[in-house]
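**Student:** Starting off with a structure, shown below.
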Amino acid sequence: SGWYMLFVTDAKGTPSEGTWVEIP
């Protein structure tokens with residue numbers, strides 16, 4: 001549980017901004 005910083009990469013492998021995701 002808690003908040004985690006998630007980084008997403010697109011098809012080119014370029015990382016986007018980190019997004020906070022709350023896990024129950």
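Within each chain, counting starts at residue 1; across the structure tokens, chains are named A, B, ... in the order shown, with ligands numbered 1 upward in that order.
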Give me the residues within 7 Å of Phe7 (chain A) as a PyMOL selection string, counting only C-alpha atoms and dropping any in the same chain fewer than 2 places off.

**Tutor:** chain A and resi 5+9+15-19

**Student:** As a list of chain:residue names, which residues of chain A does DSSP assign to strand (DSSP E or B)?

**Tutor:** A:Gly2, A:Trp3, A:Tyr4, A:Met5, A:Leu6, A:Thr9, A:Pro15, A:Thr19, A:Trp20, A:Val21, A:Glu22, A:Ile23
